[in-house]
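> Okay, here's the structure, questions in a sec.
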Amino acid sequence: MSGERTVFAELDRQAADRLRPLRALLELTHRCNFRCVHCYCLHDRPGEELSTDEWRGVLDELAGLGVLFLTLSGGEPLLRRDFFEIAAHARRRRFALRVFTNASLVTERNADRLARLAPKEVEVSIYGASAATYEAVAGQGGFAGQARRGVERLLARGIRPLIKLPILRENLGDLEALAAWARGLGLRLSTDHRLIPRDDGSHAPSDHALDEEALAGLLAADLAAGGTPPVRVAMDVEAPVCGVARQVVAVGPMGEVYPCNRARRFPAGNVRERPLAAIWADSEGMARLRAVRAGDFQACRTCRHFGLCRLCPATSALVNAGWPTGPNPADCQRARVLERLGALIH
């Protein structure tokens, strides 16, 4: 696995150096059958979603640009009646396919169809261990059982999904039970406590984030269980901070193109108006994020934690009303907690 990661990291580096899109994320719809309290997505936006044929055209353009790794997401992508038509075309274009889902719509039939796609990975977001927690997070308690059954159906067909848990105040108490459930199925559990503002700029999701004491307990428990301590990276202030607009591109439900799926503040164009290749090559949104360097994060450069936090201009712009090189308070909080725990490596 480590050798595979090294190969992929080198591919990413070369693609970024050459400004060649290697990875694409397609948000097929903003619609979702969940109403999660922390979600950044606005589900009821006006506008007509791309048709099946339009999505096929996007896939053809991405293949022409050299994209290898493709993620189909939402909202909940399985709400699209043509999801499997779109996904089948993606496989015909020989993309390595990843699917993001909440698994509640993974019926027996849909599990069979997903297995026939032979995806590289299916990632399932799980929000709690109990109906009460699902009620608090996703809006309906019945989703807990539906999601678990969906995961079991995937397993029965040889698909081993990655289980993702966004850790909130509402579900922190379920973490141990969820970890035991995932272990019992032989599945990986990935957790993330960082929340981002909604696409309309609202910071309401942060109301559900862990406070500093709860985060300290979470990180201390992870380190005590053998978690990897953070490593301070020697930052090259002249270097780009990530692959946004360099080897990553995202396309939204109505054809809107972004440098990545978080870069809502930097619209680059629309596939209904211009070819993807032209948008990638010369749009202002792409150019603005391509120009960001680590040294542009002036406030971060003077912080003693510089090199520990992950610099993400797309998230910074969401948090700081369009300012892509400002500090992200969630990362600042995490760094303070780790310092308290004595876990920083200098």
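Please note that chains go A, B, ... in the order of the structure tokens, that every chain numbers its residues from 1, and that ligands are numbered from 1 in the order shown.
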Need to verify the contact set: segment 17-25 of chain A, 7 Å, only C-alpha atoms, exclusion of same-chain residues closer than 4 positions in sequence. Can you return it as a PyMOL selection string?
chain A and resi 13+65-72+246-251+261
> Selected residues, all heavy atoms, written as a CSV table (one decimal), in the first residue's frame, please.

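Final output, saved to again15.csv:
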chain,number,residue,atom,x,y,z
A,13,ARG,N,2.2,15.0,-8.3
A,13,ARG,CA,3.3,16.0,-8.4
A,13,ARG,C,3.5,16.4,-9.8
A,13,ARG,O,3.6,17.6,-10.2
A,13,ARG,CB,4.6,15.5,-7.7
A,13,ARG,CG,5.6,16.6,-7.6
A,13,ARG,CD,7.0,16.0,-7.3
A,13,ARG,NE,7.5,15.2,-8.3
A,13,ARG,CZ,8.1,15.6,-9.4
A,13,ARG,NH1,8.1,16.9,-9.7
A,13,ARG,NH2,8.5,14.7,-10.3
A,65,LEU,N,-8.8,15.5,-21.5
A,65,LEU,CA,-7.8,16.3,-20.7
A,65,LEU,C,-6.8,15.5,-20.0
A,65,LEU,O,-5.8,16.0,-19.4
A,65,LEU,CB,-8.6,17.2,-19.7
A,65,LEU,CG,-9.2,18.4,-20.3
A,65,LEU,CD1,-10.2,19.1,-19.2
A,65,LEU,CD2,-8.2,19.5,-20.7
A,66,GLY,N,-7.0,14.1,-19.9
A,66,GLY,CA,-6.1,13.3,-19.3
A,66,GLY,C,-6.4,12.9,-17.8
A,66,GLY,O,-5.6,12.3,-17.1
A,67,VAL,N,-7.7,13.2,-17.4
A,67,VAL,CA,-8.1,12.8,-16.0
A,67,VAL,C,-8.1,11.3,-15.9
A,67,VAL,O,-8.6,10.6,-16.8
A,67,VAL,CB,-9.5,13.4,-15.7
A,67,VAL,CG1,-10.0,12.8,-14.4
A,67,VAL,CG2,-9.4,14.9,-15.6
A,68,LEU,N,-7.5,10.8,-14.8
A,68,LEU,CA,-7.5,9.4,-14.5
A,68,LEU,C,-8.5,9.0,-13.4
A,68,LEU,O,-9.1,7.9,-13.4
A,68,LEU,CB,-6.1,8.9,-14.2
A,68,LEU,CG,-5.0,9.1,-15.2
A,68,LEU,CD1,-3.7,8.6,-14.7
A,68,LEU,CD2,-5.4,8.4,-16.5
A,69,PHE,N,-8.5,9.8,-12.4
A,69,PHE,CA,-9.3,9.5,-11.2
A,69,PHE,C,-10.5,10.3,-11.1
A,69,PHE,O,-10.5,11.6,-11.1
A,69,PHE,CB,-8.4,9.7,-9.9
A,69,PHE,CG,-7.1,8.9,-10.0
A,69,PHE,CD1,-5.9,9.5,-10.4
A,69,PHE,CD2,-7.1,7.5,-9.7
A,69,PHE,CE1,-4.8,8.8,-10.4
A,69,PHE,CE2,-5.9,6.8,-9.7
A,69,PHE,CZ,-4.7,7.5,-10.1
A,70,LEU,N,-11.7,9.7,-11.0
A,70,LEU,CA,-13.0,10.4,-11.0
A,70,LEU,C,-13.8,10.0,-9.8
A,70,LEU,O,-14.0,8.8,-9.5
A,70,LEU,CB,-13.7,10.0,-12.3
A,70,LEU,CG,-15.1,10.6,-12.5
A,70,LEU,CD1,-14.9,12.1,-13.0
A,70,LEU,CD2,-16.0,9.8,-13.5
A,71,THR,N,-14.4,11.0,-9.1
A,71,THR,CA,-15.3,10.8,-8.0
A,71,THR,C,-16.6,11.3,-8.4
A,71,THR,O,-16.8,12.4,-8.9
A,71,THR,CB,-14.8,11.6,-6.8
A,71,THR,OG1,-13.5,11.1,-6.4
A,71,THR,CG2,-15.7,11.4,-5.6
A,72,LEU,N,-17.7,10.5,-8.1
A,72,LEU,CA,-19.1,10.9,-8.3
A,72,LEU,C,-19.7,11.1,-6.9
A,72,LEU,O,-19.6,10.2,-6.1
A,72,LEU,CB,-19.8,9.8,-9.1
A,72,LEU,CG,-19.3,9.4,-10.5
A,72,LEU,CD1,-20.2,8.4,-11.1
A,72,LEU,CD2,-19.3,10.7,-11.4
A,246,ARG,N,-4.5,22.8,-10.3
A,246,ARG,CA,-3.2,22.4,-10.9
A,246,ARG,C,-3.3,20.9,-11.3
A,246,ARG,O,-2.9,20.6,-12.4
A,246,ARG,CB,-2.1,22.6,-9.9
A,246,ARG,CG,-1.9,24.0,-9.4
A,246,ARG,CD,-0.8,24.1,-8.4
A,246,ARG,NE,0.5,23.9,-9.0
A,246,ARG,CZ,1.2,24.8,-9.7
A,246,ARG,NH1,0.7,26.0,-9.9
A,246,ARG,NH2,2.3,24.5,-10.2
A,247,GLN,N,-3.9,20.1,-10.5
A,247,GLN,CA,-4.2,18.7,-11.0
A,247,GLN,C,-5.6,18.2,-10.5
A,247,GLN,O,-5.9,17.1,-10.6
A,247,GLN,CB,-3.1,17.7,-10.5
A,247,GLN,CG,-2.8,17.8,-9.0
A,247,GLN,CD,-3.5,16.8,-8.2
A,247,GLN,OE1,-4.5,16.3,-8.6
A,247,GLN,NE2,-2.9,16.5,-7.0
A,248,VAL,N,-6.4,19.2,-10.0
A,248,VAL,CA,-7.7,18.9,-9.5
A,248,VAL,C,-8.7,19.8,-10.2
A,248,VAL,O,-8.5,21.0,-10.3
A,248,VAL,CB,-7.8,19.0,-8.0
A,248,VAL,CG1,-9.3,18.8,-7.5
A,248,VAL,CG2,-6.9,18.0,-7.3
A,249,VAL,N,-9.9,19.3,-10.5
A,249,VAL,CA,-11.0,20.1,-11.1
A,249,VAL,C,-12.3,19.5,-10.6
A,249,VAL,O,-12.4,18.3,-10.3
A,249,VAL,CB,-11.0,20.2,-12.6
A,249,VAL,CG1,-11.2,18.8,-13.2
A,249,VAL,CG2,-11.9,21.2,-13.2
A,250,ALA,N,-13.3,20.4,-10.5
A,250,ALA,CA,-14.6,19.9,-10.0
A,250,ALA,C,-15.7,20.5,-10.9
A,250,ALA,O,-15.6,21.7,-11.4
A,250,ALA,CB,-14.9,20.4,-8.6
A,251,VAL,N,-16.8,19.8,-11.1
A,251,VAL,CA,-17.9,20.2,-11.9
A,251,VAL,C,-19.2,20.0,-11.1
A,251,VAL,O,-19.4,18.9,-10.5
A,251,VAL,CB,-18.0,19.5,-13.3
A,251,VAL,CG1,-19.2,20.0,-14.1
A,251,VAL,CG2,-16.7,19.5,-14.0
A,261,ASN,N,-13.8,21.1,-5.3
A,261,ASN,CA,-15.2,21.1,-4.9
A,261,ASN,C,-15.4,22.1,-3.7
A,261,ASN,O,-16.6,22.4,-3.4
A,261,ASN,CB,-15.6,19.7,-4.5
A,261,ASN,CG,-14.9,19.1,-3.3
A,261,ASN,OD1,-13.7,19.1,-3.3
A,261,ASN,ND2,-15.7,18.6,-2.4
> What's around Ala268 of chain A at 8 Å? Count only C-alpha atoms, leave out sequence neighbours fewer than 2 positions away in its own chain, and write the answer as a list in words.
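Close residues of Ala268 of chain A: Glu256, Val257, Tyr258, Pro259, Phe266, Asn270, Ile279, Trp280, Ser283, Glu284, Gly285 and Met286 of chain A.
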> Store the residues of this selection in a file with N, CA, C and O atoms, as a PDB file, in the first residue's frame.

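Saved file selection.pdb follows:
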ATOM      1  N   GLU A 256     -21.457  24.121 -13.502  1.00  0.00           N
ATOM      2  CA  GLU A 256     -20.480  25.079 -13.021  1.00  0.00           C
ATOM      3  C   GLU A 256     -19.147  24.379 -12.730  1.00  0.00           C
ATOM      4  O   GLU A 256     -19.114  23.271 -12.225  1.00  0.00           O
ATOM      5  N   VAL A 257     -18.061  25.033 -13.076  1.00  0.00           N
ATOM      6  CA  VAL A 257     -16.720  24.469 -12.920  1.00  0.00           C
ATOM      7  C   VAL A 257     -15.981  25.253 -11.834  1.00  0.00           C
ATOM      8  O   VAL A 257     -16.030  26.488 -11.802  1.00  0.00           O
ATOM      9  N   TYR A 258     -15.298  24.503 -10.957  1.00  0.00           N
ATOM     10  CA  TYR A 258     -14.526  25.103  -9.867  1.00  0.00           C
ATOM     11  C   TYR A 258     -13.129  24.499  -9.841  1.00  0.00           C
ATOM     12  O   TYR A 258     -12.918  23.358 -10.273  1.00  0.00           O
ATOM     13  N   PRO A 259     -12.155  25.240  -9.272  1.00  0.00           N
ATOM     14  CA  PRO A 259     -10.807  24.685  -9.135  1.00  0.00           C
ATOM     15  C   PRO A 259     -10.758  23.432  -8.268  1.00  0.00           C
ATOM     16  O   PRO A 259      -9.892  22.589  -8.431  1.00  0.00           O
ATOM     17  N   PHE A 266     -14.504  30.756  -6.163  1.00  0.00           N
ATOM     18  CA  PHE A 266     -13.697  30.969  -7.367  1.00  0.00           C
ATOM     19  C   PHE A 266     -14.315  30.248  -8.561  1.00  0.00           C
ATOM     20  O   PHE A 266     -13.713  29.342  -9.133  1.00  0.00           O
ATOM     21  N   ASN A 270     -18.630  27.546 -16.979  1.00  0.00           N
ATOM     22  CA  ASN A 270     -19.715  26.575 -17.046  1.00  0.00           C
ATOM     23  C   ASN A 270     -19.571  25.762 -18.321  1.00  0.00           C
ATOM     24  O   ASN A 270     -19.316  26.327 -19.401  1.00  0.00           O
ATOM     25  N   ILE A 279     -11.836  26.350 -20.127  1.00  0.00           N
ATOM     26  CA  ILE A 279     -12.018  26.802 -18.751  1.00  0.00           C
ATOM     27  C   ILE A 279     -10.779  26.480 -17.926  1.00  0.00           C
ATOM     28  O   ILE A 279     -10.282  27.312 -17.157  1.00  0.00           O
ATOM     29  N   TRP A 280     -10.275  25.271 -18.096  1.00  0.00           N
ATOM     30  CA  TRP A 280      -9.073  24.862 -17.351  1.00  0.00           C
ATOM     31  C   TRP A 280      -7.877  25.732 -17.724  1.00  0.00           C
ATOM     32  O   TRP A 280      -7.085  26.119 -16.865  1.00  0.00           O
ATOM     33  N   SER A 283      -9.265  30.402 -17.356  1.00  0.00           N
ATOM     34  CA  SER A 283     -10.277  31.089 -16.554  1.00  0.00           C
ATOM     35  C   SER A 283      -9.634  31.830 -15.390  1.00  0.00           C
ATOM     36  O   SER A 283      -8.598  31.422 -14.844  1.00  0.00           O
ATOM     37  N   GLU A 284     -10.281  32.925 -14.977  1.00  0.00           N
ATOM     38  CA  GLU A 284      -9.763  33.735 -13.887  1.00  0.00           C
ATOM     39  C   GLU A 284      -9.788  32.963 -12.570  1.00  0.00           C
ATOM     40  O   GLU A 284      -8.866  33.074 -11.753  1.00  0.00           O
ATOM     41  N   GLY A 285     -10.859  32.177 -12.338  1.00  0.00           N
ATOM     42  CA  GLY A 285     -10.952  31.429 -11.094  1.00  0.00           C
ATOM     43  C   GLY A 285      -9.802  30.455 -10.921  1.00  0.00           C
ATOM     44  O   GLY A 285      -9.226  30.334  -9.825  1.00  0.00           O
ATOM     45  N   MET A 286      -9.449  29.751 -12.001  1.00  0.00           N
ATOM     46  CA  MET A 286      -8.310  28.834 -11.933  1.00  0.00           C
ATOM     47  C   MET A 286      -7.013  29.600 -11.695  1.00  0.00           C
ATOM     48  O   MET A 286      -6.185  29.226 -10.853  1.00  0.00           O
TER      49      MET A 286
END
> For segment 140-154 of chain A, list every protein, DNA or RNA residue within 9 Å, evaluated using only C-alpha atoms, and leave out those in the same chain fewer than 4 positions away; present the list as a ChimeraX atom specification.
/A:34-35,102-108,111-112,114-115,122,124-136,158-161,163,185
> Report the distance between atom CA of Asp60 of chain A and atom CA of Arg81 of chain A in Å, rounded to one decimal place.
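Separation between atom CA of Asp60 of chain A and atom CA of Arg81 of chain A: 20.4 Å.
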> Identify, on the basis of only C-alpha atoms, every residue whose closest approach to segment 87-89 of chain A does not exceed 10 Å; exclude the query and any residue fewer than 2 positions from it along the same chain; express the result as a PDB file with C-alpha atoms, in the first residue's frame.

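The resulting file, part_17.pdb, is reproduced below:
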ATOM      1  CA  THR A  52     -27.469  12.374 -18.925  1.00  0.00           C
ATOM      2  CA  TRP A  55     -22.746  14.477 -18.214  1.00  0.00           C
ATOM      3  CA  ARG A  56     -21.526  12.014 -20.846  1.00  0.00           C
ATOM      4  CA  GLY A  57     -20.060  14.961 -22.707  1.00  0.00           C
ATOM      5  CA  LEU A  59     -16.820  12.722 -19.037  1.00  0.00           C
ATOM      6  CA  ASP A  60     -15.581  12.686 -22.620  1.00  0.00           C
ATOM      7  CA  LEU A  70     -12.973  10.352 -11.016  1.00  0.00           C
ATOM      8  CA  THR A  71     -15.258  10.825  -8.008  1.00  0.00           C
ATOM      9  CA  LEU A  72     -19.051  10.880  -8.321  1.00  0.00           C
ATOM     10  CA  ASP A  82     -29.539   8.072 -14.405  1.00  0.00           C
ATOM     11  CA  PHE A  83     -26.692   7.593 -11.913  1.00  0.00           C
ATOM     12  CA  PHE A  84     -25.778   4.167 -13.232  1.00  0.00           C
ATOM     13  CA  GLU A  85     -25.890   5.359 -16.847  1.00  0.00           C
ATOM     14  CA  ARG A  91     -16.117   3.156 -16.644  1.00  0.00           C
ATOM     15  CA  ARG A  92     -16.214   2.933 -20.460  1.00  0.00           C
ATOM     16  CA  ARG A  93     -13.889   5.939 -20.488  1.00  0.00           C
ATOM     17  CA  ARG A  94     -11.644   3.896 -18.166  1.00  0.00           C
ATOM     18  CA  PHE A  95     -11.635   6.250 -15.187  1.00  0.00           C
ATOM     19  CA  LEU A  97     -14.017   5.420 -10.183  1.00  0.00           C
ATOM     20  CA  ARG A  98     -14.841   6.481  -6.632  1.00  0.00           C
ATOM     21  CA  VAL A  99     -18.395   6.969  -5.330  1.00  0.00           C
ATOM     22  CA  ARG A 113     -25.261  -2.479 -10.034  1.00  0.00           C
ATOM     23  CA  LEU A 114     -22.486  -0.851  -8.008  1.00  0.00           C
ATOM     24  CA  ARG A 116     -20.815  -4.435 -11.713  1.00  0.00           C
ATOM     25  CA  LEU A 117     -19.159  -1.011 -11.978  1.00  0.00           C
ATOM     26  CA  PRO A 119     -15.362   1.007  -8.476  1.00  0.00           C
TER      27      PRO A 119
END
> Please indicate the distance in Å from atom CA of Cys36 of chain A to atom CA of Asp331 of chain A, rounded to one decimal place.
22.3 Å
> Enter the distance from atom CA of Ala263 of chain A to atom CA of Glu170 of chain A, in Å, rounded to one decimal.
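Rounded to one decimal, the two atoms are 27.3 Å apart.
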> Quick one: residues within 12 Å of Ala214 of chain A, only C-alpha atoms, excluding same-chain residues fewer than 2 positions away - as a list of chain:residue names?
A:Ile167, A:Leu168, A:Arg169, A:Glu170, A:Asn171, A:Leu172, A:Gly173, A:His193, A:His208, A:Ala209, A:Leu210, A:Asp211, A:Glu212, A:Ala216, A:Gly217, A:Leu218, A:Leu219, A:Ala220, A:Ala221, A:Gln333, A:Arg334, A:Val337
> Okay, now the selection with N, CA, C and O atoms, as a CSV table (one decimal), in the first residue's frame?

chain,number,residue,atom,x,y,z
A,167,ILE,N,-17.0,14.1,12.8
A,167,ILE,CA,-17.3,14.2,14.3
A,167,ILE,C,-17.9,15.5,14.7
A,167,ILE,O,-17.2,16.6,14.5
A,168,LEU,N,-19.1,15.4,15.3
A,168,LEU,CA,-19.8,16.6,15.7
A,168,LEU,C,-20.1,16.5,17.2
A,168,LEU,O,-19.9,15.4,17.8
A,169,ARG,N,-20.5,17.6,17.8
A,169,ARG,CA,-21.0,17.5,19.2
A,169,ARG,C,-22.1,16.4,19.4
A,169,ARG,O,-22.1,15.7,20.4
A,170,GLU,N,-22.9,16.3,18.4
A,170,GLU,CA,-24.1,15.4,18.5
A,170,GLU,C,-23.7,13.9,18.4
A,170,GLU,O,-24.4,13.1,18.9
A,171,ASN,N,-22.5,13.6,17.8
A,171,ASN,CA,-22.2,12.2,17.6
A,171,ASN,C,-20.9,11.7,18.3
A,171,ASN,O,-20.5,10.6,18.1
A,172,LEU,N,-20.3,12.6,19.0
A,172,LEU,CA,-19.0,12.3,19.6
A,172,LEU,C,-19.1,11.1,20.5
A,172,LEU,O,-18.3,10.2,20.5
A,173,GLY,N,-20.2,11.0,21.2
A,173,GLY,CA,-20.5,9.9,22.1
A,173,GLY,C,-20.7,8.6,21.4
A,173,GLY,O,-20.6,7.5,22.1
A,193,HIS,N,-13.0,16.1,12.3
A,193,HIS,CA,-13.7,17.0,13.2
A,193,HIS,C,-13.8,18.4,12.6
A,193,HIS,O,-14.5,19.3,13.1
A,208,HIS,N,-22.0,23.1,15.4
A,208,HIS,CA,-22.0,21.7,15.7
A,208,HIS,C,-20.5,21.1,15.9
A,208,HIS,O,-20.4,19.9,16.1
A,209,ALA,N,-19.5,22.0,15.8
A,209,ALA,CA,-18.2,21.6,16.0
A,209,ALA,C,-17.8,21.3,17.4
A,209,ALA,O,-18.5,21.9,18.4
A,210,LEU,N,-16.8,20.5,17.7
A,210,LEU,CA,-16.4,20.2,19.0
A,210,LEU,C,-15.7,21.5,19.6
A,210,LEU,O,-15.1,22.2,18.9
A,211,ASP,N,-16.0,21.7,20.9
A,211,ASP,CA,-15.3,22.8,21.6
A,211,ASP,C,-13.8,22.3,21.9
A,211,ASP,O,-13.5,21.2,21.6
A,212,GLU,N,-13.0,23.2,22.4
A,212,GLU,CA,-11.6,22.9,22.5
A,212,GLU,C,-11.3,21.8,23.5
A,212,GLU,O,-10.5,20.9,23.3
A,216,ALA,N,-9.6,18.2,22.6
A,216,ALA,CA,-8.4,17.8,23.3
A,216,ALA,C,-8.6,16.3,23.7
A,216,ALA,O,-7.7,15.5,23.6
A,217,GLY,N,-9.8,16.0,24.2
A,217,GLY,CA,-10.1,14.6,24.6
A,217,GLY,C,-10.0,13.7,23.5
A,217,GLY,O,-9.4,12.5,23.6
A,218,LEU,N,-10.5,14.1,22.3
A,218,LEU,CA,-10.5,13.2,21.2
A,218,LEU,C,-9.1,13.0,20.7
A,218,LEU,O,-8.7,11.8,20.4
A,219,LEU,N,-8.3,14.0,20.5
A,219,LEU,CA,-7.0,13.9,20.0
A,219,LEU,C,-6.1,13.1,21.0
A,219,LEU,O,-5.2,12.4,20.6
A,220,ALA,N,-6.3,13.4,22.3
A,220,ALA,CA,-5.5,12.6,23.3
A,220,ALA,C,-5.8,11.2,23.2
A,220,ALA,O,-4.9,10.3,23.3
A,221,ALA,N,-7.0,10.8,23.1
A,221,ALA,CA,-7.4,9.4,23.0
A,221,ALA,C,-6.8,8.8,21.7
A,221,ALA,O,-6.3,7.6,21.8
A,333,GLN,N,-7.3,26.0,16.1
A,333,GLN,CA,-7.7,25.3,17.3
A,333,GLN,C,-7.0,24.0,17.5
A,333,GLN,O,-6.5,23.7,18.6
A,334,ARG,N,-6.9,23.2,16.4
A,334,ARG,CA,-6.3,21.9,16.5
A,334,ARG,C,-4.8,22.1,16.9
A,334,ARG,O,-4.3,21.3,17.7
A,337,VAL,N,-4.5,22.8,20.6
A,337,VAL,CA,-4.7,21.6,21.4
A,337,VAL,C,-3.5,20.6,21.4
A,337,VAL,O,-3.1,20.1,22.4
> Could you pull out the residues in segment 23-130 of chain A that DSSP calls helix (DSSP H, G or I) from the backbone, as a PyMOL selection string?
chain A and resi 52-65+77-79+83-92+108-117
> Could you save the residues just selected, with C-alpha atoms, as a CSV table (one decimal), in the first residue's frame?

chain,number,residue,atom,x,y,z
A,52,THR,CA,-27.5,12.4,-18.9
A,53,ASP,CA,-26.1,13.3,-22.3
A,54,GLU,CA,-24.5,16.5,-20.9
A,55,TRP,CA,-22.7,14.5,-18.2
A,56,ARG,CA,-21.5,12.0,-20.8
A,57,GLY,CA,-20.1,15.0,-22.7
A,58,VAL,CA,-18.3,16.2,-19.5
A,59,LEU,CA,-16.8,12.7,-19.0
A,60,ASP,CA,-15.6,12.7,-22.6
A,61,GLU,CA,-14.0,16.1,-22.1
A,62,LEU,CA,-12.3,15.0,-18.9
A,63,ALA,CA,-10.9,11.9,-20.6
A,64,GLY,CA,-9.5,14.1,-23.3
A,65,LEU,CA,-7.8,16.3,-20.7
A,77,PRO,CA,-25.7,10.9,-6.2
A,78,LEU,CA,-28.0,7.8,-6.1
A,79,LEU,CA,-30.9,10.2,-6.2
A,83,PHE,CA,-26.7,7.6,-11.9
A,84,PHE,CA,-25.8,4.2,-13.2
A,85,GLU,CA,-25.9,5.4,-16.8
A,86,ILE,CA,-23.5,8.2,-16.0
A,87,ALA,CA,-21.2,5.8,-14.0
A,88,ALA,CA,-21.2,3.2,-16.7
A,89,HIS,CA,-20.0,5.8,-19.2
A,90,ALA,CA,-17.3,6.8,-16.8
A,91,ARG,CA,-16.1,3.2,-16.6
A,92,ARG,CA,-16.2,2.9,-20.5
A,108,GLU,CA,-30.1,-5.0,-3.2
A,109,ARG,CA,-30.5,-4.0,-6.8
A,110,ASN,CA,-28.3,-0.9,-6.4
A,111,ALA,CA,-25.7,-3.0,-4.6
A,112,ASP,CA,-25.6,-5.4,-7.6
A,113,ARG,CA,-25.3,-2.5,-10.0
A,114,LEU,CA,-22.5,-0.9,-8.0
A,115,ALA,CA,-20.6,-4.2,-7.9
A,116,ARG,CA,-20.8,-4.4,-11.7
A,117,LEU,CA,-19.2,-1.0,-12.0
> Would you list the contacts of Phe297 of chain A as a list in words, taking every protein, DNA or RNA residue within 7 Å and counting only C-alpha atoms, but skipping same-chain residues closer than 4 positions in sequence?
Arg301, Thr325 and Gly326 of chain A
> Kindly export the residues of the current selection with N, CA, C and O atoms, as a JSON list (two decimals), in the first residue's frame.

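result.json written:
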[["chain", "number", "residue", "atom", "x", "y", "z"],
["A", 301, "ARG", "N", 2.42, 32.55, 8.49],
["A", 301, "ARG", "CA", 3.89, 32.48, 8.46],
["A", 301, "ARG", "C", 4.51, 32.95, 9.77],
["A", 301, "ARG", "O", 5.60, 32.51, 10.14],
["A", 325, "THR", "N", -6.03, 33.37, 1.69],
["A", 325, "THR", "CA", -4.76, 33.17, 2.40],
["A", 325, "THR", "C", -4.85, 33.57, 3.87],
["A", 325, "THR", "O", -3.85, 33.87, 4.50],
["A", 326, "GLY", "N", -6.07, 33.57, 4.39],
["A", 326, "GLY", "CA", -6.26, 33.85, 5.80],
["A", 326, "GLY", "C", -6.22, 32.58, 6.63],
["A", 326, "GLY", "O", -6.34, 31.47, 6.10]]
> Which of these, A:Glu238, A:Glu10, A:Asp222, A:Glu339, has the shortest distance to Ala179 of chain A once you count only C-alpha atoms?
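Looking at the shortest contact to Ala179 of chain A, the residue is A:Asp222.
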> Write out as a ChimeraX atom specification which residues come within 7 Å of Ser316 of chain A when counting only C-alpha atoms, dropping same-chain ones fewer than 3 positions away.
/A:312-313,319-320,323-328
> When DSSP is applied to the backbone of this structure, which of segment 100-249 of chain A are assigned strand (DSSP E)? Write them out as a list in words.
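Of segment 100-249 of chain A, only Phe100, Thr101, Glu121, Val122, Glu123, Val124, Ser125, Leu162, Ile163, Lys164, Leu165, Pro166, Leu189, Ser190, Thr191, Asp192, Val248 and Val249 of chain A fall in strand (DSSP E).
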> Considering only C-alpha atoms, state which residue in the set A:Leu215, A:Val7, A:Leu162, A:Val271 is at the smallest distance from Leu189 of chain A.
A:Leu162
